[in-house]
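Worksheet for the structure shown next.
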Amino acid sequence: MSFEAFLIQTGVNGLILGALYLLMAVGFTLVFGSLRVVNFAHGEFYMLGGFAAYFTTVTMGLPAIASIPLAFLFVAVLGLFCERAVFRPFRGDELNGMIASIGLALILQNGALMLFGPMPLAMPPFAEGLTRFGSIVIPTSRLLAIVISAAVLAIFYVVMMHTRVGRAVRAMVQDAEVASTFGIHPGLVYPLGFALGVGLAAVAGAVMAPLFSVSPFTGHTPLLKAFLVVVLGGLGSIPGAAIASLAVGLIESYTATFYGSLAADGLILLLAVIMLVMRPNGLLGRAMRVG
Amino acid sequence: MSWTLISGLTMTTTLRVRDLRVSYGPVQAVRSISFEIEPKAIVALLGANGAGKSTTLRAITGLQRPVEGEIEFEGRSISRITPMQLARAGIAFSPEGRRPFGEMSVLENLLVGAHTRPRDVAKKLDRIYEYFPRLKERSKQISSSLSGGEQQMLAIGRALMAEPKLLLLDEPTLGLAPLLAREIMRILREINDEQGISILIVEQNARMALKLCDYAYVLASGRLTAEGTGGDLLKGDYIQNAYIGN
Ligand SMILES: Nc1ncnc2c1ncn2[C@@H]1O[C@H](COP(=O)(O)OP(=O)(O)OP(=O)(O)O)[C@@H](O)[C@H]1O
Ligand SMILES: [Mg+2]
């Protein structure tokens with residue numbers, strides 16, 4: 001492989017990481033915006049999305065592309081139950097809601113450990129072969145991961161920005177009391193926001209499952225990176241999150257390739273600390289902005 | 001009270017509040033007040049800081065559960081209404097401080113107003129843009145970037161999008177320049193004339209509200225201390241007493 005091709009391959013990997021982090025950060029932000037709770041279990045929904053993809057493709061033999069909507073659906077429904085059972089009792093109580101989410105994370109992770117065991121499972125790629133753009137060659141499976149992530153984010157964006165339901169969710173996030181006087185039910189919007197948010201984590205899990213592996217412990221890193229992206233991009237700012245995700249993904253990929261993953265993680269944490277000191281609301285964030 | 005028209009048709013009172021009492025824990029904000037709004041009327045609820053005006057509106061909207069009392073809208077009890085049922089029942093609320101959905105555009109705010117009645121949105125928008133041409137010019141703009149007056153127009157427009165029969169307005173002229181305040185009052189009169197929407201307007205700006213309204217009630221420390229037509233109250237010294245007496 002030429003050095004140039006090597007650089008491009010590293011960039012593609014960075015974009016994949018960026019897409020993963022963006023899916024995680026957007027869902028995380030949506031859950032925070034609608035429930036006002038920092039969801040420490042968000043990474044576990046990513047992990048469950050991976051298992052859902054594994055069972056639909058490997059065990060049930062469905063086409064790989066079907067695993068993504070199915071993982072979304074399965075985890076979104078599970079999210080509805082979790083919202084009802086775990087988060088609703090703590091509505092308006094941010095601290096205890098957060099503690100409950102840590103409890104939920106432990107339950108989900110250990111539940112997965114009991115059911116599926118600790119061994120990482122390998123999943124076949126979405127597609128075989130290579131895709132060529134002139135002299136640039138990219139594995140088709142990696143290209144698909146980027147395209148699918150972008151498509152899901154685009155659908156999510158359109159739903160949130162241009163549909164009645166999306167508007168209702170955003171109105172509730174911005175002023176629950178006023179939104180309620182216009183007939184928007186918090187009892188519908190909160191579960192919906194949570195289900196959509198963790199559903200996006202599941203999509204990330206399903207898209208990444210063939211590239212990484214599936215195990216009960218895979219949720220940690222994406223959650224941590226979602227945190228960092230939110231810190232860098234500004235909580236609630238979707239454009240900020242997009243820029244931060246791609247930046248973190250690319251920085252991580254190049255730094256890890258040349259200096260090792262320890263250096264990459266260190267550098268990104270350093271950036272987050274600098275951002276917190278220089279611009280506590282992040283790149284594009286204003287205090288508590290969601291939309 | 002219901003009046004019998006010449007045709008023999010009976011029109012029920014739009015809003016009837018009886019012996020309403022509202023507390024925040026130990027704080028008694030409204031202590032047994034009663035008042036009425038006849039169909040198509042503009043009624044003002046006046047009073048100084050902390051008199052209990054906003055609390056009264058919050059009780060009508062279901063945002064604050066009354067301790068006691070009966071609230072009827074068009075003959076049906078709404079004492080136990082939830083805010084979510086308000087718009088469908090035919091009541092729209094423009095809250096104190098205007099409270100636009102700050103991260104949404106003007107147009108999106110208006111669309112949220114129509115959440116329960118999404119039909120004929122284009123027609124409704126046209127009508128609101130006729131009242132408030134400024135909103136049309138700024139329809140794509142993020143609402144938090146509007147001036148106070150524009151935000152007030154937006155709050156009224158958003159409420160109108162719900163096609164209410166009764167419009168509740170909490171201090172729509174607060175912080176506005178007198179000229180702009182008068183303009184808002186004029187448009188409220190127009191809305192009332194053209195669409196027959198009843199209006200309950202809460203104001204500290206008594207003189208302006210009295211000129212607008214058909215009937216007014218004066219609230220002081222949670223009690224009604226005076227009532228009468230706008231003209232009568234403007235002549236009398238009720239207003240002075242209510243404001244200075246407390
Ligand atoms: N959330 C609350 N908790 C406790 N007390 C409250 C609350 N809201 C209002 N009050 C008290 O209730 C009383 C009536 O308040 P309210 O807001 O209804 O007055 P207002 O007439 O609307 O005044 P303003 O003209 O300043 O808006 C005041 O004494 C106020 O301090
Ligand atoms: Mg008030």
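Residue numbering restarts at 1 for every chain of the structure tokens, chains are lettered A, B, ... in their displayed order, and ligands are numbered from 1 as they appear.
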Legend entry - Nearby residues, ligand 1, 9 Å, only C-alpha atoms and all ligand atoms, as number ranges by chain: B: 22-30, 46-58, 96, 170-171, 202-204, 219-222
Would you write out those residues with N, CA, C and O atoms, as a compact mmCIF listing (two decimals), in the first residue's frame?
# COMPACT_ATOMS: atom_id res chain seq x y z
N VAL B 22 -56.48 30.13 45.27
CA VAL B 22 -55.25 29.47 44.83
C VAL B 22 -54.13 29.78 45.81
O VAL B 22 -53.95 30.94 46.20
N SER B 23 -53.40 28.77 46.20
CA SER B 23 -52.27 28.97 47.12
C SER B 23 -51.01 28.32 46.57
O SER B 23 -51.08 27.34 45.82
N TYR B 24 -49.89 28.90 46.93
CA TYR B 24 -48.60 28.24 46.71
C TYR B 24 -48.11 27.84 48.09
O TYR B 24 -47.61 28.68 48.83
N GLY B 25 -48.29 26.61 48.45
CA GLY B 25 -47.97 26.21 49.82
C GLY B 25 -48.73 27.09 50.79
O GLY B 25 -49.95 27.21 50.71
N PRO B 26 -48.01 27.75 51.70
CA PRO B 26 -48.70 28.60 52.67
C PRO B 26 -49.10 29.97 52.11
O PRO B 26 -49.87 30.68 52.74
N VAL B 27 -48.60 30.32 50.93
CA VAL B 27 -48.88 31.65 50.37
C VAL B 27 -50.24 31.64 49.68
O VAL B 27 -50.44 30.92 48.70
N GLN B 28 -51.18 32.43 50.18
CA GLN B 28 -52.48 32.53 49.52
C GLN B 28 -52.41 33.62 48.46
O GLN B 28 -52.40 34.79 48.78
N ALA B 29 -52.34 33.21 47.21
CA ALA B 29 -52.16 34.18 46.14
C ALA B 29 -53.49 34.74 45.66
O ALA B 29 -53.59 35.92 45.32
N VAL B 30 -54.51 33.90 45.62
CA VAL B 30 -55.85 34.34 45.22
C VAL B 30 -56.83 33.87 46.29
O VAL B 30 -56.87 32.68 46.62
N LEU B 46 -57.02 43.79 36.43
CA LEU B 46 -55.96 44.75 36.75
C LEU B 46 -55.48 44.55 38.17
O LEU B 46 -56.17 43.96 39.00
N GLY B 47 -54.32 45.10 38.45
CA GLY B 47 -53.81 45.01 39.81
C GLY B 47 -52.31 45.21 39.84
O GLY B 47 -51.63 45.05 38.82
N ALA B 48 -51.81 45.56 41.02
CA ALA B 48 -50.39 45.86 41.16
C ALA B 48 -49.57 44.57 41.18
O ALA B 48 -50.11 43.47 41.10
N ASN B 49 -48.28 44.72 41.32
CA ASN B 49 -47.35 43.59 41.49
C ASN B 49 -47.84 42.63 42.56
O ASN B 49 -48.15 43.06 43.67
N GLY B 50 -47.88 41.34 42.22
CA GLY B 50 -48.19 40.36 43.26
C GLY B 50 -49.64 40.31 43.67
O GLY B 50 -49.99 39.69 44.67
N ALA B 51 -50.52 40.97 42.90
CA ALA B 51 -51.94 41.00 43.26
C ALA B 51 -52.60 39.63 43.07
O ALA B 51 -53.62 39.33 43.69
N GLY B 52 -52.02 38.82 42.22
CA GLY B 52 -52.59 37.49 41.96
C GLY B 52 -53.15 37.33 40.56
O GLY B 52 -53.87 36.37 40.27
N LYS B 53 -52.80 38.23 39.67
CA LYS B 53 -53.34 38.21 38.30
C LYS B 53 -52.84 36.98 37.53
O LYS B 53 -53.64 36.23 36.96
N SER B 54 -51.52 36.80 37.52
CA SER B 54 -50.97 35.65 36.78
C SER B 54 -51.47 34.35 37.39
O SER B 54 -51.75 33.38 36.68
N THR B 55 -51.56 34.32 38.71
CA THR B 55 -52.03 33.11 39.38
C THR B 55 -53.44 32.76 38.92
O THR B 55 -53.75 31.58 38.70
N THR B 56 -54.27 33.77 38.76
CA THR B 56 -55.63 33.52 38.29
C THR B 56 -55.60 32.88 36.90
O THR B 56 -56.29 31.89 36.65
N LEU B 57 -54.77 33.43 36.02
CA LEU B 57 -54.67 32.84 34.67
C LEU B 57 -54.12 31.43 34.74
O LEU B 57 -54.57 30.54 34.01
N ARG B 58 -53.14 31.22 35.59
CA ARG B 58 -52.55 29.88 35.68
C ARG B 58 -53.55 28.86 36.21
O ARG B 58 -53.50 27.68 35.86
N GLU B 96 -47.06 35.27 30.72
CA GLU B 96 -46.24 36.39 31.19
C GLU B 96 -44.81 36.20 30.70
O GLU B 96 -44.26 35.11 30.79
N ASP B 170 -51.36 37.50 29.40
CA ASP B 170 -50.74 37.98 30.64
C ASP B 170 -49.75 39.10 30.32
O ASP B 170 -48.68 38.85 29.77
N GLU B 171 -50.15 40.31 30.64
CA GLU B 171 -49.32 41.51 30.46
C GLU B 171 -48.70 41.62 29.07
O GLU B 171 -47.47 41.64 28.94
N VAL B 202 -54.70 40.53 31.29
CA VAL B 202 -54.14 40.91 32.58
C VAL B 202 -53.16 42.04 32.35
O VAL B 202 -52.34 41.97 31.43
N GLU B 203 -53.28 43.11 33.10
CA GLU B 203 -52.40 44.27 32.88
C GLU B 203 -52.07 44.98 34.17
O GLU B 203 -52.86 45.04 35.10
N GLN B 204 -50.88 45.55 34.19
CA GLN B 204 -50.56 46.55 35.21
C GLN B 204 -50.82 47.93 34.64
O GLN B 204 -51.08 48.88 35.36
N LEU B 219 -57.88 43.71 41.08
CA LEU B 219 -57.45 42.72 42.05
C LEU B 219 -56.39 43.36 42.95
O LEU B 219 -55.49 44.04 42.47
N ALA B 220 -56.53 43.16 44.27
CA ALA B 220 -55.49 43.63 45.19
C ALA B 220 -55.30 42.57 46.27
O ALA B 220 -56.28 42.12 46.88
N SER B 221 -54.09 42.15 46.46
CA SER B 221 -53.76 41.10 47.44
C SER B 221 -54.69 39.90 47.34
O SER B 221 -55.19 39.41 48.35
N GLY B 222 -54.96 39.48 46.13
CA GLY B 222 -55.74 38.26 45.96
C GLY B 222 -57.24 38.44 46.09
O GLY B 222 -57.98 37.46 46.06
Inset, instruction - For chain B, list the residues within 12 Å of chain A, counting only C-alpha atoms, and write the list as a PyMOL selection string. - result: chain B and resi 57-58+60-64+81-105+107-118+142+144+155+158-164+168
Legend entry - Selection: 12 Å around Ala127 of chain A, only C-alpha atoms, excl. self and same-chain fewer than 3 positions, as a ChimeraX atom specification: /A:63-65,123-124,130-131,138-145,210-211
Resulting file, chosen residues, all heavy atoms, as a compact mmCIF listing (two decimals), in the first residue's frame:
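selection.txt, written as the output of this step:
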# COMPACT_ATOMS: atom_id res chain seq x y z
N PRO A 63 -30.69 -10.34 6.02
CA PRO A 63 -29.65 -9.54 5.37
C PRO A 63 -29.12 -8.45 6.30
O PRO A 63 -29.86 -7.93 7.16
CB PRO A 63 -30.37 -8.91 4.17
CG PRO A 63 -31.82 -9.14 4.39
CD PRO A 63 -31.96 -10.30 5.32
N ALA A 64 -27.83 -8.15 6.14
CA ALA A 64 -27.16 -7.23 7.06
C ALA A 64 -27.87 -5.88 7.13
O ALA A 64 -27.98 -5.26 8.18
CB ALA A 64 -25.71 -7.02 6.62
N ILE A 65 -28.41 -5.45 6.00
CA ILE A 65 -29.01 -4.13 5.95
C ILE A 65 -30.29 -4.06 6.80
O ILE A 65 -30.65 -3.03 7.35
CB ILE A 65 -29.29 -3.72 4.47
CG1 ILE A 65 -29.36 -2.21 4.34
CG2 ILE A 65 -30.52 -4.38 3.92
CD1 ILE A 65 -27.99 -1.58 4.36
N MET A 123 -18.87 -10.36 13.61
CA MET A 123 -19.97 -10.30 12.66
C MET A 123 -19.42 -10.11 11.27
O MET A 123 -18.45 -9.39 11.09
CB MET A 123 -20.84 -9.11 13.01
CG MET A 123 -22.29 -9.44 13.15
SD MET A 123 -23.22 -7.98 13.52
CE MET A 123 -23.89 -7.62 11.92
N PRO A 124 -20.05 -10.72 10.27
CA PRO A 124 -19.56 -10.50 8.90
C PRO A 124 -19.81 -9.07 8.46
O PRO A 124 -20.73 -8.43 8.95
CB PRO A 124 -20.40 -11.48 8.07
CG PRO A 124 -21.62 -11.72 8.87
CD PRO A 124 -21.21 -11.61 10.31
N LEU A 130 -14.15 -3.98 -2.72
CA LEU A 130 -13.59 -2.64 -2.63
C LEU A 130 -14.35 -1.71 -3.55
O LEU A 130 -14.87 -2.13 -4.58
CB LEU A 130 -12.11 -2.66 -3.04
CG LEU A 130 -11.21 -3.58 -2.22
CD1 LEU A 130 -9.84 -3.70 -2.88
CD2 LEU A 130 -11.07 -3.06 -0.79
N THR A 131 -14.39 -0.47 -3.18
CA THR A 131 -14.97 0.54 -4.06
C THR A 131 -13.87 1.50 -4.46
O THR A 131 -13.07 1.92 -3.63
CB THR A 131 -16.11 1.30 -3.34
OG1 THR A 131 -17.08 0.36 -2.91
CG2 THR A 131 -16.76 2.31 -4.27
N ILE A 138 -11.44 2.09 -1.39
CA ILE A 138 -11.99 2.01 -0.04
C ILE A 138 -12.76 0.70 0.09
O ILE A 138 -13.53 0.35 -0.81
CB ILE A 138 -12.95 3.19 0.23
CG1 ILE A 138 -12.21 4.53 0.10
CG2 ILE A 138 -13.58 3.09 1.61
CD1 ILE A 138 -13.13 5.71 0.09
N PRO A 139 -12.59 -0.02 1.21
CA PRO A 139 -13.40 -1.23 1.40
C PRO A 139 -14.89 -0.83 1.40
O PRO A 139 -15.29 0.10 2.08
CB PRO A 139 -12.98 -1.74 2.77
CG PRO A 139 -11.66 -1.09 3.04
CD PRO A 139 -11.65 0.20 2.29
N THR A 140 -15.70 -1.56 0.61
CA THR A 140 -17.11 -1.21 0.47
C THR A 140 -17.82 -1.22 1.82
O THR A 140 -18.69 -0.38 2.08
CB THR A 140 -17.78 -2.19 -0.50
OG1 THR A 140 -17.01 -2.22 -1.69
CG2 THR A 140 -19.19 -1.77 -0.83
N SER A 141 -17.46 -2.14 2.69
CA SER A 141 -18.14 -2.24 3.99
C SER A 141 -17.96 -0.95 4.80
O SER A 141 -18.89 -0.48 5.46
CB SER A 141 -17.60 -3.44 4.77
OG SER A 141 -16.21 -3.27 5.00
N ARG A 142 -16.75 -0.37 4.69
CA ARG A 142 -16.49 0.86 5.44
C ARG A 142 -17.24 2.04 4.84
O ARG A 142 -17.78 2.88 5.55
CB ARG A 142 -15.00 1.16 5.49
CG ARG A 142 -14.28 -0.01 6.09
CD ARG A 142 -12.98 0.33 6.75
NE ARG A 142 -12.78 -0.69 7.75
CZ ARG A 142 -12.34 -0.46 8.98
NH1 ARG A 142 -12.03 0.76 9.34
NH2 ARG A 142 -12.23 -1.43 9.84
N LEU A 143 -17.26 2.06 3.52
CA LEU A 143 -18.00 3.11 2.84
C LEU A 143 -19.47 3.04 3.23
O LEU A 143 -20.12 4.05 3.54
CB LEU A 143 -17.86 2.92 1.33
CG LEU A 143 -18.34 4.09 0.48
CD1 LEU A 143 -17.48 5.31 0.73
CD2 LEU A 143 -18.30 3.71 -0.99
N LEU A 144 -20.01 1.82 3.27
CA LEU A 144 -21.42 1.64 3.64
C LEU A 144 -21.70 2.14 5.05
O LEU A 144 -22.74 2.74 5.31
CB LEU A 144 -21.81 0.16 3.52
CG LEU A 144 -22.29 -0.27 2.14
CD1 LEU A 144 -22.56 -1.78 2.13
CD2 LEU A 144 -23.55 0.49 1.74
N ALA A 145 -20.76 1.87 5.95
CA ALA A 145 -20.96 2.32 7.34
C ALA A 145 -21.13 3.83 7.39
O ALA A 145 -21.99 4.36 8.10
CB ALA A 145 -19.78 1.89 8.21
N PRO A 210 -20.10 -4.88 12.64
CA PRO A 210 -19.21 -5.65 11.75
C PRO A 210 -17.77 -5.13 11.75
O PRO A 210 -16.85 -5.86 11.38
CB PRO A 210 -19.82 -5.47 10.36
CG PRO A 210 -21.17 -4.86 10.59
CD PRO A 210 -21.11 -4.15 11.88
N LEU A 211 -17.58 -3.87 12.13
CA LEU A 211 -16.24 -3.28 12.06
C LEU A 211 -15.45 -3.55 13.32
O LEU A 211 -14.23 -3.75 13.30
CB LEU A 211 -16.34 -1.78 11.81
CG LEU A 211 -17.11 -1.37 10.55
CD1 LEU A 211 -17.18 0.14 10.43
CD2 LEU A 211 -16.44 -1.98 9.33
Inset, instruction - From segment 37-99 of chain A, collect each residue whose DSSP state is alpha helix (DSSP H) and return the set as a count of residues only. - result: 35
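Closest approach to ligand 2 among B:Val121, B:Leu135, B:Leu169, B:Ala41: B:Leu169, based on only C-alpha atoms and all ligand atoms.
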Inset, instruction - List every residue of segment 25-212 of chain A that DSSP, applied to the backbone, labels as strand (DSSP E or B), and write the result as a ChimeraX atom specification. - result: /A:121,130-133,136-139
Based on the selection just made, write all heavy atoms of those residues as a JSON list (two decimals), in the first residue's frame.
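Output (out-v2.json):
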[["chain", "number", "residue", "atom", "x", "y", "z"],
["A", 121, "LEU", "N", -18.07, -11.36, 20.05],
["A", 121, "LEU", "CA", -18.59, -12.06, 18.88],
["A", 121, "LEU", "C", -18.21, -11.29, 17.63],
["A", 121, "LEU", "O", -18.22, -10.06, 17.63],
["A", 121, "LEU", "CB", -20.12, -12.17, 18.97],
["A", 121, "LEU", "CG", -20.67, -12.83, 20.22],
["A", 121, "LEU", "CD1", -22.18, -12.66, 20.29],
["A", 121, "LEU", "CD2", -20.29, -14.31, 20.24],
["A", 130, "LEU", "N", -14.15, -3.98, -2.72],
["A", 130, "LEU", "CA", -13.59, -2.64, -2.63],
["A", 130, "LEU", "C", -14.35, -1.71, -3.55],
["A", 130, "LEU", "O", -14.87, -2.13, -4.58],
["A", 130, "LEU", "CB", -12.11, -2.66, -3.04],
["A", 130, "LEU", "CG", -11.21, -3.58, -2.22],
["A", 130, "LEU", "CD1", -9.84, -3.70, -2.88],
["A", 130, "LEU", "CD2", -11.07, -3.06, -0.79],
["A", 131, "THR", "N", -14.39, -0.47, -3.18],
["A", 131, "THR", "CA", -14.97, 0.54, -4.06],
["A", 131, "THR", "C", -13.87, 1.50, -4.46],
["A", 131, "THR", "O", -13.07, 1.92, -3.63],
["A", 131, "THR", "CB", -16.11, 1.30, -3.34],
["A", 131, "THR", "OG1", -17.08, 0.36, -2.91],
["A", 131, "THR", "CG2", -16.76, 2.31, -4.27],
["A", 132, "ARG", "N", -13.82, 1.81, -5.77],
["A", 132, "ARG", "CA", -12.76, 2.67, -6.28],
["A", 132, "ARG", "C", -13.30, 4.04, -6.66],
["A", 132, "ARG", "O", -14.34, 4.15, -7.29],
["A", 132, "ARG", "CB", -12.16, 2.05, -7.54],
["A", 132, "ARG", "CG", -11.19, 0.95, -7.27],
["A", 132, "ARG", "CD", -10.90, 0.12, -8.51],
["A", 132, "ARG", "NE", -10.56, -1.23, -8.14],
["A", 132, "ARG", "CZ", -9.37, -1.57, -7.64],
["A", 132, "ARG", "NH1", -8.43, -0.67, -7.50],
["A", 132, "ARG", "NH2", -9.13, -2.82, -7.28],
["A", 133, "PHE", "N", -12.60, 5.07, -6.22],
["A", 133, "PHE", "CA", -12.84, 6.42, -6.73],
["A", 133, "PHE", "C", -11.54, 6.86, -7.37],
["A", 133, "PHE", "O", -10.65, 7.35, -6.68],
["A", 133, "PHE", "CB", -13.20, 7.40, -5.60],
["A", 133, "PHE", "CG", -14.45, 7.04, -4.85],
["A", 133, "PHE", "CD1", -14.39, 6.29, -3.69],
["A", 133, "PHE", "CD2", -15.69, 7.45, -5.32],
["A", 133, "PHE", "CE1", -15.54, 5.96, -3.00],
["A", 133, "PHE", "CE2", -16.84, 7.11, -4.64],
["A", 133, "PHE", "CZ", -16.77, 6.36, -3.47],
["A", 136, "ILE", "N", -8.29, 6.09, -5.61],
["A", 136, "ILE", "CA", -8.58, 5.83, -4.21],
["A", 136, "ILE", "C", -9.40, 4.55, -4.08],
["A", 136, "ILE", "O", -10.40, 4.37, -4.77],
["A", 136, "ILE", "CB", -9.35, 7.01, -3.58],
["A", 136, "ILE", "CG1", -8.53, 8.30, -3.73],
["A", 136, "ILE", "CG2", -9.65, 6.72, -2.12],
["A", 136, "ILE", "CD1", -9.33, 9.54, -3.45],
["A", 137, "VAL", "N", -8.98, 3.69, -3.18],
["A", 137, "VAL", "CA", -9.68, 2.42, -2.98],
["A", 137, "VAL", "C", -10.14, 2.33, -1.54],
["A", 137, "VAL", "O", -9.36, 2.51, -0.62],
["A", 137, "VAL", "CB", -8.75, 1.23, -3.31],
["A", 137, "VAL", "CG1", -9.49, -0.08, -3.08],
["A", 137, "VAL", "CG2", -8.23, 1.34, -4.74],
["A", 138, "ILE", "N", -11.44, 2.09, -1.39],
["A", 138, "ILE", "CA", -11.99, 2.01, -0.04],
["A", 138, "ILE", "C", -12.76, 0.70, 0.09],
["A", 138, "ILE", "O", -13.53, 0.35, -0.81],
["A", 138, "ILE", "CB", -12.95, 3.19, 0.23],
["A", 138, "ILE", "CG1", -12.21, 4.53, 0.10],
["A", 138, "ILE", "CG2", -13.58, 3.09, 1.61],
["A", 138, "ILE", "CD1", -13.13, 5.71, 0.09],
["A", 139, "PRO", "N", -12.59, -0.02, 1.21],
["A", 139, "PRO", "CA", -13.40, -1.23, 1.40],
["A", 139, "PRO", "C", -14.89, -0.83, 1.40],
["A", 139, "PRO", "O", -15.29, 0.10, 2.08],
["A", 139, "PRO", "CB", -12.98, -1.74, 2.77],
["A", 139, "PRO", "CG", -11.66, -1.09, 3.04],
["A", 139, "PRO", "CD", -11.65, 0.20, 2.29]]
Legend entry - Selection near Ser101 of chain A, 12 Å with only C-alpha atoms, sequence-local residues under 2 positions removed, as a PyMOL selection string: chain A and resi 31-32+35-45+79+82-83+85-90+94-99+103-108
Inset, instruction - Please provide the set of residues having any atom within 8 Å of segment 230-237 of chain B, restricted to only C-alpha atoms, with same-chain residues fewer than 3 positions apart removed, written as a PyMOL selection string. - result: chain B and resi 207+209-216+227+240-241
Okay, now the selection with N, CA, C and O atoms, as a PDB file, in the first residue's frame?
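Generated output (result-v5.pdb):
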ATOM      1  N   ARG B 207     -54.571  52.157  32.591  1.00  0.00           N
ATOM      2  CA  ARG B 207     -55.243  53.135  31.740  1.00  0.00           C
ATOM      3  C   ARG B 207     -55.466  52.575  30.329  1.00  0.00           C
ATOM      4  O   ARG B 207     -56.554  52.644  29.777  1.00  0.00           O
ATOM      5  N   ALA B 209     -55.441  49.456  29.343  1.00  0.00           N
ATOM      6  CA  ALA B 209     -56.330  48.293  29.342  1.00  0.00           C
ATOM      7  C   ALA B 209     -57.779  48.720  29.520  1.00  0.00           C
ATOM      8  O   ALA B 209     -58.687  48.148  28.910  1.00  0.00           O
ATOM      9  N   LEU B 210     -58.001  49.748  30.328  1.00  0.00           N
ATOM     10  CA  LEU B 210     -59.377  50.207  30.561  1.00  0.00           C
ATOM     11  C   LEU B 210     -59.977  50.801  29.291  1.00  0.00           C
ATOM     12  O   LEU B 210     -61.173  50.704  29.045  1.00  0.00           O
ATOM     13  N   LYS B 211     -59.131  51.444  28.510  1.00  0.00           N
ATOM     14  CA  LYS B 211     -59.630  52.007  27.242  1.00  0.00           C
ATOM     15  C   LYS B 211     -60.029  50.894  26.279  1.00  0.00           C
ATOM     16  O   LYS B 211     -60.930  51.060  25.469  1.00  0.00           O
ATOM     17  N   LEU B 212     -59.328  49.772  26.383  1.00  0.00           N
ATOM     18  CA  LEU B 212     -59.585  48.671  25.452  1.00  0.00           C
ATOM     19  C   LEU B 212     -60.799  47.850  25.863  1.00  0.00           C
ATOM     20  O   LEU B 212     -61.597  47.443  25.030  1.00  0.00           O
ATOM     21  N   CYS B 213     -60.949  47.611  27.154  1.00  0.00           N
ATOM     22  CA  CYS B 213     -61.855  46.542  27.576  1.00  0.00           C
ATOM     23  C   CYS B 213     -63.309  46.993  27.670  1.00  0.00           C
ATOM     24  O   CYS B 213     -63.622  48.166  27.736  1.00  0.00           O
ATOM     25  N   ASP B 214     -64.195  45.985  27.663  1.00  0.00           N
ATOM     26  CA  ASP B 214     -65.606  46.256  27.884  1.00  0.00           C
ATOM     27  C   ASP B 214     -65.896  46.305  29.379  1.00  0.00           C
ATOM     28  O   ASP B 214     -66.753  47.044  29.830  1.00  0.00           O
ATOM     29  N   TYR B 215     -65.176  45.487  30.118  1.00  0.00           N
ATOM     30  CA  TYR B 215     -65.451  45.372  31.536  1.00  0.00           C
ATOM     31  C   TYR B 215     -64.131  45.036  32.239  1.00  0.00           C
ATOM     32  O   TYR B 215     -63.276  44.389  31.655  1.00  0.00           O
ATOM     33  N   ALA B 216     -63.993  45.501  33.468  1.00  0.00           N
ATOM     34  CA  ALA B 216     -62.724  45.256  34.155  1.00  0.00           C
ATOM     35  C   ALA B 216     -62.939  44.892  35.618  1.00  0.00           C
ATOM     36  O   ALA B 216     -63.925  45.306  36.235  1.00  0.00           O
ATOM     37  N   GLU B 227     -64.947  46.681  40.288  1.00  0.00           N
ATOM     38  CA  GLU B 227     -65.249  46.210  38.955  1.00  0.00           C
ATOM     39  C   GLU B 227     -66.149  47.224  38.272  1.00  0.00           C
ATOM     40  O   GLU B 227     -66.769  48.051  38.929  1.00  0.00           O
ATOM     41  N   GLN B 240     -56.700  54.133  41.512  1.00  0.00           N
ATOM     42  CA  GLN B 240     -55.752  54.733  42.445  1.00  0.00           C
ATOM     43  C   GLN B 240     -55.729  53.934  43.750  1.00  0.00           C
ATOM     44  O   GLN B 240     -54.685  53.539  44.234  1.00  0.00           O
ATOM     45  N   ASN B 241     -56.950  53.698  44.284  1.00  0.00           N
ATOM     46  CA  ASN B 241     -57.040  52.999  45.561  1.00  0.00           C
ATOM     47  C   ASN B 241     -56.376  51.634  45.492  1.00  0.00           C
ATOM     48  O   ASN B 241     -55.601  51.263  46.374  1.00  0.00           O
TER      49      ASN B 241
END
Legend entry - Test item: residues at most 6 Å from segment 224-236 of chain A, only C-alpha atoms, excluding those fewer than 3 positions along its chain, as JSON, numbers by chain: {"A": [21, 24, 25, 29, 221, 240, 241, 244, 245, 272, 281, 282, 283, 284, 285, 289, 290]}
Residue contacts of Thr56 of chain A (10 Å, only C-alpha atoms) excluding same-chain residues fewer than 6 positions away, as a short mmCIF file (atom, residue, chain, number, x, y, z; two decimals) with C-alpha atoms, in the first residue's frame:
data_model
loop_
_atom_site.label_atom_id
_atom_site.label_comp_id
_atom_site.auth_asym_id
_atom_site.auth_seq_id
_atom_site.Cartn_x
_atom_site.Cartn_y
_atom_site.Cartn_z
CA LEU A 62 -31.49 -11.84 7.78
CA PRO A 63 -29.65 -9.54 5.37
CA ALA A 64 -27.16 -7.23 7.06
CA ALA A 66 -32.17 -5.27 7.77
CA SER A 67 -30.25 -5.46 11.03
CA ILE A 68 -30.13 -1.70 11.36
CA LEU A 70 -34.46 -3.97 13.55
CA ALA A 71 -31.80 -2.97 16.08
#
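Atom to atom, atom CA of Ala206 of chain A and atom CA of Phe156 of chain A stand 16.4 Å apart.
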Legend entry - Point-to-point distance from atom CA of Val189 of chain A to atom CA of Val158 of chain A, Å rounded to tenths: 17.3 Å
Legend entry - Option closest in space to Thr10 of chain A, from A:Glu128, A:Asp93, A:Glu252, A:Asp265 [counting only C-alpha atoms]: A:Glu252
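Interatomic distance, atom CA of Leu15 of chain A to atom CA of Gly199 of chain A: 20.9 Å.
Using only C-alpha atoms for every distance, the candidate list B:Ala122, B:Leu146, B:Ile156, B:Leu180 yields B:Ile156 as the residue closest to Ile199 of chain B.
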